[in-house]
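Below is the file entry-v5.pdb, which contains PDB, C-alpha atoms.
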ATOM      1  CA  MET A   1      11.495   5.722 -70.490  1.00  0.00           C
ATOM      2  CA  ALA A   2      12.719   4.453 -67.129  1.00  0.00           C
ATOM      3  CA  GLY A   3       9.810   2.068 -66.820  1.00  0.00           C
ATOM      4  CA  LYS A   4      10.419   0.600 -70.295  1.00  0.00           C
ATOM      5  CA  SER A   5      14.119  -0.062 -69.710  1.00  0.00           C
ATOM      6  CA  CYS A   6      13.454  -1.677 -66.318  1.00  0.00           C
ATOM      7  CA  ARG A   7      10.706  -3.860 -67.801  1.00  0.00           C
ATOM      8  CA  ARG A   8      13.022  -4.886 -70.655  1.00  0.00           C
ATOM      9  CA  PHE A   9      15.773  -5.774 -68.198  1.00  0.00           C
ATOM     10  CA  LEU A  10      13.408  -7.873 -66.072  1.00  0.00           C
ATOM     11  CA  THR A  11      11.950  -9.582 -69.144  1.00  0.00           C
ATOM     12  CA  VAL A  12      15.399 -10.575 -70.394  1.00  0.00           C
ATOM     13  CA  ALA A  13      16.379 -11.760 -66.896  1.00  0.00           C
ATOM     14  CA  PHE A  14      13.262 -13.913 -66.515  1.00  0.00           C
ATOM     15  CA  VAL A  15      13.549 -15.429 -70.012  1.00  0.00           C
ATOM     16  CA  SER A  16      17.213 -16.173 -69.343  1.00  0.00           C
ATOM     17  CA  ALA A  17      16.341 -17.806 -66.027  1.00  0.00           C
ATOM     18  CA  LEU A  18      13.576 -19.905 -67.566  1.00  0.00           C
ATOM     19  CA  LEU A  19      15.812 -21.198 -70.352  1.00  0.00           C
ATOM     20  CA  SER A  20      18.846 -21.804 -68.173  1.00  0.00           C
ATOM     21  CA  PRO A  21      19.655 -25.172 -66.571  1.00  0.00           C
ATOM     22  CA  SER A  22      20.699 -23.161 -63.504  1.00  0.00           C
ATOM     23  CA  PRO A  23      17.988 -20.570 -62.772  1.00  0.00           C
ATOM     24  CA  ASN A  24      20.103 -18.715 -60.188  1.00  0.00           C
ATOM     25  CA  LEU A  25      22.846 -18.044 -62.740  1.00  0.00           C
ATOM     26  CA  GLY A  26      20.272 -17.387 -65.437  1.00  0.00           C
ATOM     27  CA  PHE A  27      18.699 -14.555 -63.463  1.00  0.00           C
ATOM     28  CA  PHE A  28      21.687 -13.022 -61.678  1.00  0.00           C
ATOM     29  CA  GLY A  29      24.315 -13.727 -64.337  1.00  0.00           C
ATOM     30  CA  LEU A  30      27.779 -15.205 -64.069  1.00  0.00           C
ATOM     31  CA  TYR A  31      29.495 -13.396 -61.192  1.00  0.00           C
ATOM     32  CA  LEU A  32      26.787 -10.708 -61.526  1.00  0.00           C
ATOM     33  CA  TRP A  33      28.361  -9.285 -64.722  1.00  0.00           C
ATOM     34  CA  GLY A  34      26.096  -6.722 -66.330  1.00  0.00           C
ATOM     35  CA  THR A  35      23.304  -7.045 -63.803  1.00  0.00           C
ATOM     36  CA  ALA A  36      24.498  -4.196 -61.607  1.00  0.00           C
ATOM     37  CA  GLY A  37      25.010  -1.913 -64.601  1.00  0.00           C
ATOM     38  CA  CYS A  38      21.520  -2.520 -65.954  1.00  0.00           C
ATOM     39  CA  SER A  39      19.793  -2.020 -62.628  1.00  0.00           C
ATOM     40  CA  GLY A  40      22.035   0.972 -61.880  1.00  0.00           C
ATOM     41  CA  SER A  41      21.002   2.632 -65.118  1.00  0.00           C
ATOM     42  CA  CYS A  42      17.358   2.029 -64.202  1.00  0.00           C
ATOM     43  CA  CYS A  43      17.883   3.687 -60.831  1.00  0.00           C
ATOM     44  CA  ARG A  44      19.695   6.599 -62.464  1.00  0.00           C
ATOM     45  CA  ARG A  45      16.801   7.155 -64.833  1.00  0.00           C
ATOM     46  CA  LEU A  46      14.312   6.879 -61.983  1.00  0.00           C
ATOM     47  CA  ARG A  47      16.169   9.629 -60.151  1.00  0.00           C
ATOM     48  CA  ASP A  48      16.141  11.817 -63.245  1.00  0.00           C
ATOM     49  CA  ARG A  49      12.371  11.264 -63.538  1.00  0.00           C
ATOM     50  CA  GLY A  50      11.643  12.485 -60.014  1.00  0.00           C
ATOM     51  CA  PHE A  51      12.603   9.521 -57.840  1.00  0.00           C
ATOM     52  CA  ALA A  52      12.249  10.909 -54.297  1.00  0.00           C
ATOM     53  CA  TRP A  53      15.418   9.543 -52.703  1.00  0.00           C
ATOM     54  CA  PRO A  54      14.801  10.355 -49.016  1.00  0.00           C
ATOM     55  CA  LYS A  55      11.256   9.012 -49.133  1.00  0.00           C
ATOM     56  CA  ASP A  56      11.930   5.972 -51.303  1.00  0.00           C
ATOM     57  CA  ARG A  57      15.203   5.109 -49.574  1.00  0.00           C
ATOM     58  CA  ARG A  58      13.138   3.324 -46.919  1.00  0.00           C
ATOM     59  CA  TRP A  59      11.679   1.065 -49.606  1.00  0.00           C
ATOM     60  CA  LEU A  60      15.128   0.255 -50.966  1.00  0.00           C
ATOM     61  CA  LEU A  61      16.431  -0.483 -47.463  1.00  0.00           C
ATOM     62  CA  ALA A  62      13.407  -2.659 -46.716  1.00  0.00           C
ATOM     63  CA  GLY A  63      13.895  -4.599 -49.941  1.00  0.00           C
ATOM     64  CA  LEU A  64      17.560  -5.238 -49.204  1.00  0.00           C
ATOM     65  CA  LEU A  65      16.779  -6.306 -45.648  1.00  0.00           C
ATOM     66  CA  VAL A  66      13.943  -8.614 -46.691  1.00  0.00           C
ATOM     67  CA  GLY A  67      16.236 -10.194 -49.280  1.00  0.00           C
ATOM     68  CA  SER A  68      19.124 -10.639 -46.872  1.00  0.00           C
ATOM     69  CA  VAL A  69      16.992 -11.954 -43.987  1.00  0.00           C
ATOM     70  CA  GLY A  70      15.128 -14.262 -46.378  1.00  0.00           C
ATOM     71  CA  ASN A  71      18.402 -15.639 -47.719  1.00  0.00           C
ATOM     72  CA  ALA A  72      19.711 -16.106 -44.172  1.00  0.00           C
ATOM     73  CA  LEU A  73      16.581 -18.073 -43.238  1.00  0.00           C
ATOM     74  CA  VAL A  74      16.932 -20.212 -46.373  1.00  0.00           C
ATOM     75  CA  ALA A  75      20.595 -20.854 -45.462  1.00  0.00           C
ATOM     76  CA  VAL A  76      19.593 -22.027 -41.988  1.00  0.00           C
ATOM     77  CA  PHE A  77      16.891 -24.224 -43.537  1.00  0.00           C
ATOM     78  CA  GLN A  78      19.394 -25.699 -46.003  1.00  0.00           C
ATOM     79  CA  ILE A  79      21.760 -26.752 -43.226  1.00  0.00           C
ATOM     80  CA  VAL A  80      19.046 -28.062 -40.909  1.00  0.00           C
ATOM     81  CA  LYS A  81      17.119 -30.077 -43.517  1.00  0.00           C
ATOM     82  CA  ASN A  82      19.855 -30.870 -46.090  1.00  0.00           C
ATOM     83  CA  LEU A  83      17.335 -31.615 -48.837  1.00  0.00           C
ATOM     84  CA  PRO A  84      18.545 -33.111 -52.130  1.00  0.00           C
ATOM     85  CA  THR A  85      16.259 -30.871 -54.221  1.00  0.00           C
ATOM     86  CA  PRO A  86      18.009 -28.699 -56.863  1.00  0.00           C
ATOM     87  CA  GLY A  87      16.983 -25.318 -55.457  1.00  0.00           C
ATOM     88  CA  LEU A  88      17.657 -26.031 -51.791  1.00  0.00           C
ATOM     89  CA  SER A  89      20.556 -28.475 -51.786  1.00  0.00           C
ATOM     90  CA  LEU A  90      23.841 -27.526 -50.193  1.00  0.00           C
ATOM     91  CA  TYR A  91      26.633 -26.091 -52.289  1.00  0.00           C
ATOM     92  CA  ASP A  92      29.355 -28.774 -52.604  1.00  0.00           C
ATOM     93  CA  ALA A  93      27.284 -30.793 -50.092  1.00  0.00           C
ATOM     94  CA  SER A  94      28.585 -28.718 -47.167  1.00  0.00           C
ATOM     95  CA  GLN A  95      27.895 -24.978 -47.562  1.00  0.00           C
ATOM     96  CA  ALA A  96      24.631 -23.064 -47.501  1.00  0.00           C
ATOM     97  CA  ASP A  97      24.139 -20.689 -50.409  1.00  0.00           C
ATOM     98  CA  GLY A  98      20.626 -19.425 -49.700  1.00  0.00           C
ATOM     99  CA  LEU A  99      18.942 -18.410 -52.934  1.00  0.00           C
ATOM    100  CA  MET A 100      22.140 -16.863 -54.301  1.00  0.00           C
ATOM    101  CA  GLY A 101      23.617 -19.977 -55.935  1.00  0.00           C
ATOM    102  CA  ASN A 102      27.035 -19.492 -54.340  1.00  0.00           C
ATOM    103  CA  PRO A 103      28.118 -19.169 -50.685  1.00  0.00           C
ATOM    104  CA  ILE A 104      30.404 -16.246 -51.553  1.00  0.00           C
ATOM    105  CA  HIS A 105      27.440 -14.269 -52.902  1.00  0.00           C
ATOM    106  CA  LEU A 106      25.413 -15.183 -49.816  1.00  0.00           C
ATOM    107  CA  GLU A 107      28.280 -13.995 -47.632  1.00  0.00           C
ATOM    108  CA  ALA A 108      28.414 -10.653 -49.447  1.00  0.00           C
ATOM    109  CA  LEU A 109      24.651 -10.134 -49.187  1.00  0.00           C
ATOM    110  CA  LEU A 110      24.529 -10.976 -45.474  1.00  0.00           C
ATOM    111  CA  LEU A 111      27.532  -8.788 -44.666  1.00  0.00           C
ATOM    112  CA  GLY A 112      25.828  -5.938 -46.502  1.00  0.00           C
ATOM    113  CA  GLY A 113      22.654  -6.582 -44.516  1.00  0.00           C
ATOM    114  CA  LEU A 114      24.615  -6.481 -41.266  1.00  0.00           C
ATOM    115  CA  ALA A 115      26.255  -3.220 -42.306  1.00  0.00           C
ATOM    116  CA  LEU A 116      22.824  -1.753 -43.071  1.00  0.00           C
ATOM    117  CA  VAL A 117      21.373  -2.645 -39.658  1.00  0.00           C
ATOM    118  CA  LEU A 118      24.498  -1.860 -37.618  1.00  0.00           C
ATOM    119  CA  GLY A 119      23.409   1.613 -36.540  1.00  0.00           C
ATOM    120  CA  ARG A 120      19.829   0.590 -35.933  1.00  0.00           C
ATOM    121  CA  ALA A 121      20.905  -2.437 -33.878  1.00  0.00           C
ATOM    122  CA  CYS A 122      23.235  -0.299 -31.764  1.00  0.00           C
ATOM    123  CA  ARG A 123      20.537   2.291 -31.096  1.00  0.00           C
ATOM    124  CA  SER A 124      17.685  -0.192 -30.554  1.00  0.00           C
ATOM    125  CA  PRO A 125      19.021  -3.711 -29.854  1.00  0.00           C
ATOM    126  CA  LEU A 126      15.662  -5.087 -28.701  1.00  0.00           C
ATOM    127  CA  ARG A 127      14.038  -4.111 -31.978  1.00  0.00           C
ATOM    128  CA  TRP A 128      16.864  -5.139 -34.347  1.00  0.00           C
ATOM    129  CA  GLY A 129      18.604  -7.868 -32.338  1.00  0.00           C
ATOM    130  CA  ALA A 130      16.707 -10.746 -33.953  1.00  0.00           C
ATOM    131  CA  VAL A 131      17.646  -9.498 -37.419  1.00  0.00           C
ATOM    132  CA  VAL A 132      21.339  -9.395 -36.444  1.00  0.00           C
ATOM    133  CA  LEU A 133      21.110 -12.911 -34.972  1.00  0.00           C
ATOM    134  CA  VAL A 134      19.494 -14.349 -38.113  1.00  0.00           C
ATOM    135  CA  LEU A 135      21.975 -12.634 -40.446  1.00  0.00           C
ATOM    136  CA  ALA A 136      24.943 -13.802 -38.342  1.00  0.00           C
ATOM    137  CA  ALA A 137      23.629 -17.375 -38.207  1.00  0.00           C
ATOM    138  CA  GLY A 138      23.129 -17.452 -41.970  1.00  0.00           C
ATOM    139  CA  LEU A 139      26.609 -16.025 -42.393  1.00  0.00           C
ATOM    140  CA  GLU A 140      28.051 -18.771 -40.213  1.00  0.00           C
ATOM    141  CA  PHE A 141      26.319 -21.445 -42.300  1.00  0.00           C
ATOM    142  CA  SER A 142      27.903 -20.127 -45.496  1.00  0.00           C
ATOM    143  CA  PHE A 143      31.244 -21.312 -44.039  1.00  0.00           C
ATOM    144  CA  GLU A 144      33.095 -18.515 -45.824  1.00  0.00           C
ATOM    145  CA  ARG A 145      35.946 -17.063 -43.797  1.00  0.00           C
ATOM    146  CA  LEU A 146      36.391 -13.596 -45.308  1.00  0.00           C
ATOM    147  CA  ALA A 147      33.370 -12.683 -43.216  1.00  0.00           C
ATOM    148  CA  VAL A 148      35.472 -12.951 -40.046  1.00  0.00           C
ATOM    149  CA  ALA A 149      37.661 -10.008 -41.096  1.00  0.00           C
ATOM    150  CA  VAL A 150      34.697  -7.924 -42.251  1.00  0.00           C
ATOM    151  CA  LEU A 151      32.774  -8.698 -39.050  1.00  0.00           C
ATOM    152  CA  ALA A 152      35.787  -7.562 -37.030  1.00  0.00           C
ATOM    153  CA  VAL A 153      35.786  -4.256 -38.922  1.00  0.00           C
ATOM    154  CA  LEU A 154      32.019  -3.850 -38.366  1.00  0.00           C
ATOM    155  CA  VAL A 155      32.373  -4.552 -34.645  1.00  0.00           C
ATOM    156  CA  LEU A 156      35.301  -2.121 -34.313  1.00  0.00           C
ATOM    157  CA  TYR A 157      33.275   0.519 -36.142  1.00  0.00           C
ATOM    158  CA  ALA A 158      30.298  -0.087 -33.836  1.00  0.00           C
ATOM    159  CA  LEU A 159      32.513   0.153 -30.745  1.00  0.00           C
ATOM    160  CA  TYR A 160      34.183   3.343 -31.978  1.00  0.00           C
ATOM    161  CA  THR A 161      31.011   5.073 -33.176  1.00  0.00           C
ATOM    162  CA  TYR A 162      28.432   3.974 -30.602  1.00  0.00           C
ATOM    163  CA  GLY A 163      30.597   3.362 -27.546  1.00  0.00           C
ATOM    164  CA  VAL A 164      31.400   0.283 -25.542  1.00  0.00           C
ATOM    165  CA  ARG A 165      27.875  -0.327 -24.259  1.00  0.00           C
ATOM    166  CA  ARG A 166      25.958  -0.079 -27.538  1.00  0.00           C
ATOM    167  CA  GLY A 167      28.769  -1.335 -29.756  1.00  0.00           C
ATOM    168  CA  GLY A 168      29.378  -4.161 -27.305  1.00  0.00           C
ATOM    169  CA  THR A 169      25.720  -5.158 -27.609  1.00  0.00           C
ATOM    170  CA  PHE A 170      26.135  -5.398 -31.381  1.00  0.00           C
ATOM    171  CA  ALA A 171      29.335  -7.449 -30.906  1.00  0.00           C
ATOM    172  CA  LEU A 172      27.510  -9.746 -28.472  1.00  0.00           C
ATOM    173  CA  LEU A 173      24.668 -10.247 -30.954  1.00  0.00           C
ATOM    174  CA  ILE A 174      27.167 -11.102 -33.704  1.00  0.00           C
ATOM    175  CA  GLY A 175      28.964 -13.513 -31.371  1.00  0.00           C
ATOM    176  CA  LEU A 176      25.720 -15.207 -30.353  1.00  0.00           C
ATOM    177  CA  GLY A 177      24.537 -15.450 -33.946  1.00  0.00           C
ATOM    178  CA  THR A 178      27.716 -17.136 -35.098  1.00  0.00           C
ATOM    179  CA  ALA A 179      28.099 -19.346 -31.996  1.00  0.00           C
ATOM    180  CA  LEU A 180      24.529 -20.665 -31.731  1.00  0.00           C
ATOM    181  CA  PRO A 181      24.614 -22.734 -34.959  1.00  0.00           C
ATOM    182  CA  THR A 182      27.759 -24.618 -33.935  1.00  0.00           C
TER     183      THR A 182
END

Starting from the file, lay out its structure as structure tokens.
Amino acid sequence: MAGKSCRRFLTVAFVSALLSPSPNLGFFGLYLWGTAGCSGSCCRRLRDRGFAWPKDRRWLLAGLLVGSVGNALVAVFQIVKNLPTPGLSLYDASQADGLMGNPIHLEALLLGGLALVLGRACRSPLRWGAVVLVLAAGLEFSFERLAVAVLAVLVLYALYTYGVRRGGTFALLIGLGTALPT
């Protein structure tokens, strides 16, 4: 049953995107209404059918990270190239929106990606430092300012949880990622 409902959801999303003049809104919905509930119900049913959470959590994390890093790279590309094509043009001719269709949604995705890699970046900055730099650069190119407050909270959490040395490394990576594009 879980497979059928997920396939139905994806079919409706793809048909909506194909018929919509704005494919981003057609697939994700206006302000993401309904999308989270449908995918959440799919995940709930997967868990009831034997979804192995600890094992498959790595796949979910990898998917979220690939999506957030990919969107950050697209945001950097949008600012650098400034193409007039419909899928890659700047939002209001000044803000990068990645593949999300709106800089606010890009900001939320990239902040979530940074929160997901915070612990890993503090424990292994050489391995995860590039990911933090790319996410911070993409976040800077969204030109949304709520991120400043959330980044401050993430840095304070890193400093409190991982100490001055490791948390400071994360703060330095965030600072470099947001300062390099300017």

* Asked: How many Å lie between CA of Thr178 (chain A) and CA of Leu139 (chain A), rounded to one decimal?
  ->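 Computing the Euclidean distance for CA of Thr178 (chain A) and CA of Leu139 (chain A) yields 7.5 Å.
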
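For the file at hand, the PyMOL selection byres ((chain A and resi 161-168) around 10) resolves to Leu118, Gly119, Ala121, Cys122, Arg123, Ser124, Pro125, Leu154, Val155, Leu156, Tyr157, Ala158, Leu159, Tyr160, Thr169, Phe170, Ala171, Leu172, Leu173 and Ile174 of chain A.
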
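For the atom pair formed by CA of Glu144 (chain A) and CA of Asn71 (chain A), the distance is 15.1 Å, given to one decimal.
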
* Hey, what comes out of the PyMOL selection byres ((chain A and resi 83-93) around 12) on this file? Could you write it as a ChimeraX atom specification? -> /A:21-25,71,73-82,94-106,141-144

* Asked: Which polymer residues have any atom within 8 Å of an atom of Leu110 (chain A), counting only C-alpha atoms, with same-chain residues fewer than 6 positions away left out, as an NGL selection string?
  -> :A and (68-69 or 72 or 135-136 or 138-139)

* Asked: So how far away is CA of Val150 (chain A) from CA of Leu64 (chain A), in Å?
  ->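 Distance between the two atoms: 18.7 Å.
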
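With all atoms listed in the file as the basis for measurement, A:Leu109 is the residue among A:Leu109, A:Leu114, A:Leu19, A:Gly129 that approaches Gly67 (chain A) most closely.
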
Repaired coordinates for region 62-75 of chain A (N, CA, C and O atoms) as an mmCIF file, in the coordinates of the input:
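Heads up, here's the output in selection.cif:
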data_model
loop_
_atom_site.group_PDB
_atom_site.id
_atom_site.type_symbol
_atom_site.label_atom_id
_atom_site.label_comp_id
_atom_site.auth_asym_id
_atom_site.auth_seq_id
_atom_site.Cartn_x
_atom_site.Cartn_y
_atom_site.Cartn_z
ATOM 1 N N ALA A 62 14.284 -1.544 -47.070
ATOM 2 C CA ALA A 62 13.407 -2.659 -46.716
ATOM 3 C C ALA A 62 13.577 -3.827 -47.681
ATOM 4 O O ALA A 62 13.624 -4.990 -47.256
ATOM 5 N N GLY A 63 13.691 -3.536 -48.962
ATOM 6 C CA GLY A 63 13.895 -4.599 -49.941
ATOM 7 C C GLY A 63 15.198 -5.342 -49.728
ATOM 8 O O GLY A 63 15.245 -6.574 -49.795
ATOM 9 N N LEU A 64 16.269 -4.595 -49.469
ATOM 10 C CA LEU A 64 17.560 -5.238 -49.204
ATOM 11 C C LEU A 64 17.522 -6.066 -47.930
ATOM 12 O O LEU A 64 18.076 -7.166 -47.872
ATOM 13 N N LEU A 65 16.863 -5.560 -46.904
ATOM 14 C CA LEU A 65 16.779 -6.306 -45.648
ATOM 15 C C LEU A 65 15.909 -7.543 -45.783
ATOM 16 O O LEU A 65 16.254 -8.606 -45.254
ATOM 17 N N VAL A 66 14.794 -7.440 -46.482
ATOM 18 C CA VAL A 66 13.943 -8.614 -46.691
ATOM 19 C C VAL A 66 14.706 -9.677 -47.479
ATOM 20 O O VAL A 66 14.666 -10.867 -47.151
ATOM 21 N N GLY A 67 15.443 -9.249 -48.503
ATOM 22 C CA GLY A 67 16.236 -10.194 -49.280
ATOM 23 C C GLY A 67 17.338 -10.845 -48.462
ATOM 24 O O GLY A 67 17.555 -12.057 -48.549
ATOM 25 N N SER A 68 18.032 -10.065 -47.649
ATOM 26 C CA SER A 68 19.124 -10.639 -46.872
ATOM 27 C C SER A 68 18.609 -11.527 -45.741
ATOM 28 O O SER A 68 19.141 -12.618 -45.509
ATOM 29 N N VAL A 69 17.552 -11.114 -45.055
ATOM 30 C CA VAL A 69 16.992 -11.954 -43.987
ATOM 31 C C VAL A 69 16.376 -13.216 -44.584
ATOM 32 O O VAL A 69 16.544 -14.320 -44.042
ATOM 33 N N GLY A 70 15.692 -13.080 -45.709
ATOM 34 C CA GLY A 70 15.128 -14.262 -46.378
ATOM 35 C C GLY A 70 16.206 -15.249 -46.786
ATOM 36 O O GLY A 70 16.053 -16.463 -46.593
ATOM 37 N N ASN A 71 17.298 -14.754 -47.338
ATOM 38 C CA ASN A 71 18.402 -15.639 -47.719
ATOM 39 C C ASN A 71 19.053 -16.272 -46.500
ATOM 40 O O ASN A 71 19.481 -17.425 -46.550
ATOM 41 N N ALA A 72 19.154 -15.533 -45.397
ATOM 42 C CA ALA A 72 19.711 -16.106 -44.172
ATOM 43 C C ALA A 72 18.816 -17.224 -43.642
ATOM 44 O O ALA A 72 19.314 -18.279 -43.218
ATOM 45 N N LEU A 73 17.503 -17.023 -43.687
ATOM 46 C CA LEU A 73 16.581 -18.073 -43.238
ATOM 47 C C LEU A 73 16.652 -19.301 -44.143
ATOM 48 O O LEU A 73 16.605 -20.438 -43.662
ATOM 49 N N VAL A 74 16.789 -19.089 -45.448
ATOM 50 C CA VAL A 74 16.932 -20.212 -46.373
ATOM 51 C C VAL A 74 18.242 -20.947 -46.095
ATOM 52 O O VAL A 74 18.298 -22.182 -46.135
ATOM 53 N N ALA A 75 19.317 -20.217 -45.776
ATOM 54 C CA ALA A 75 20.595 -20.854 -45.462
ATOM 55 C C ALA A 75 20.481 -21.719 -44.215
ATOM 56 O O ALA A 75 21.008 -22.851 -44.180
#
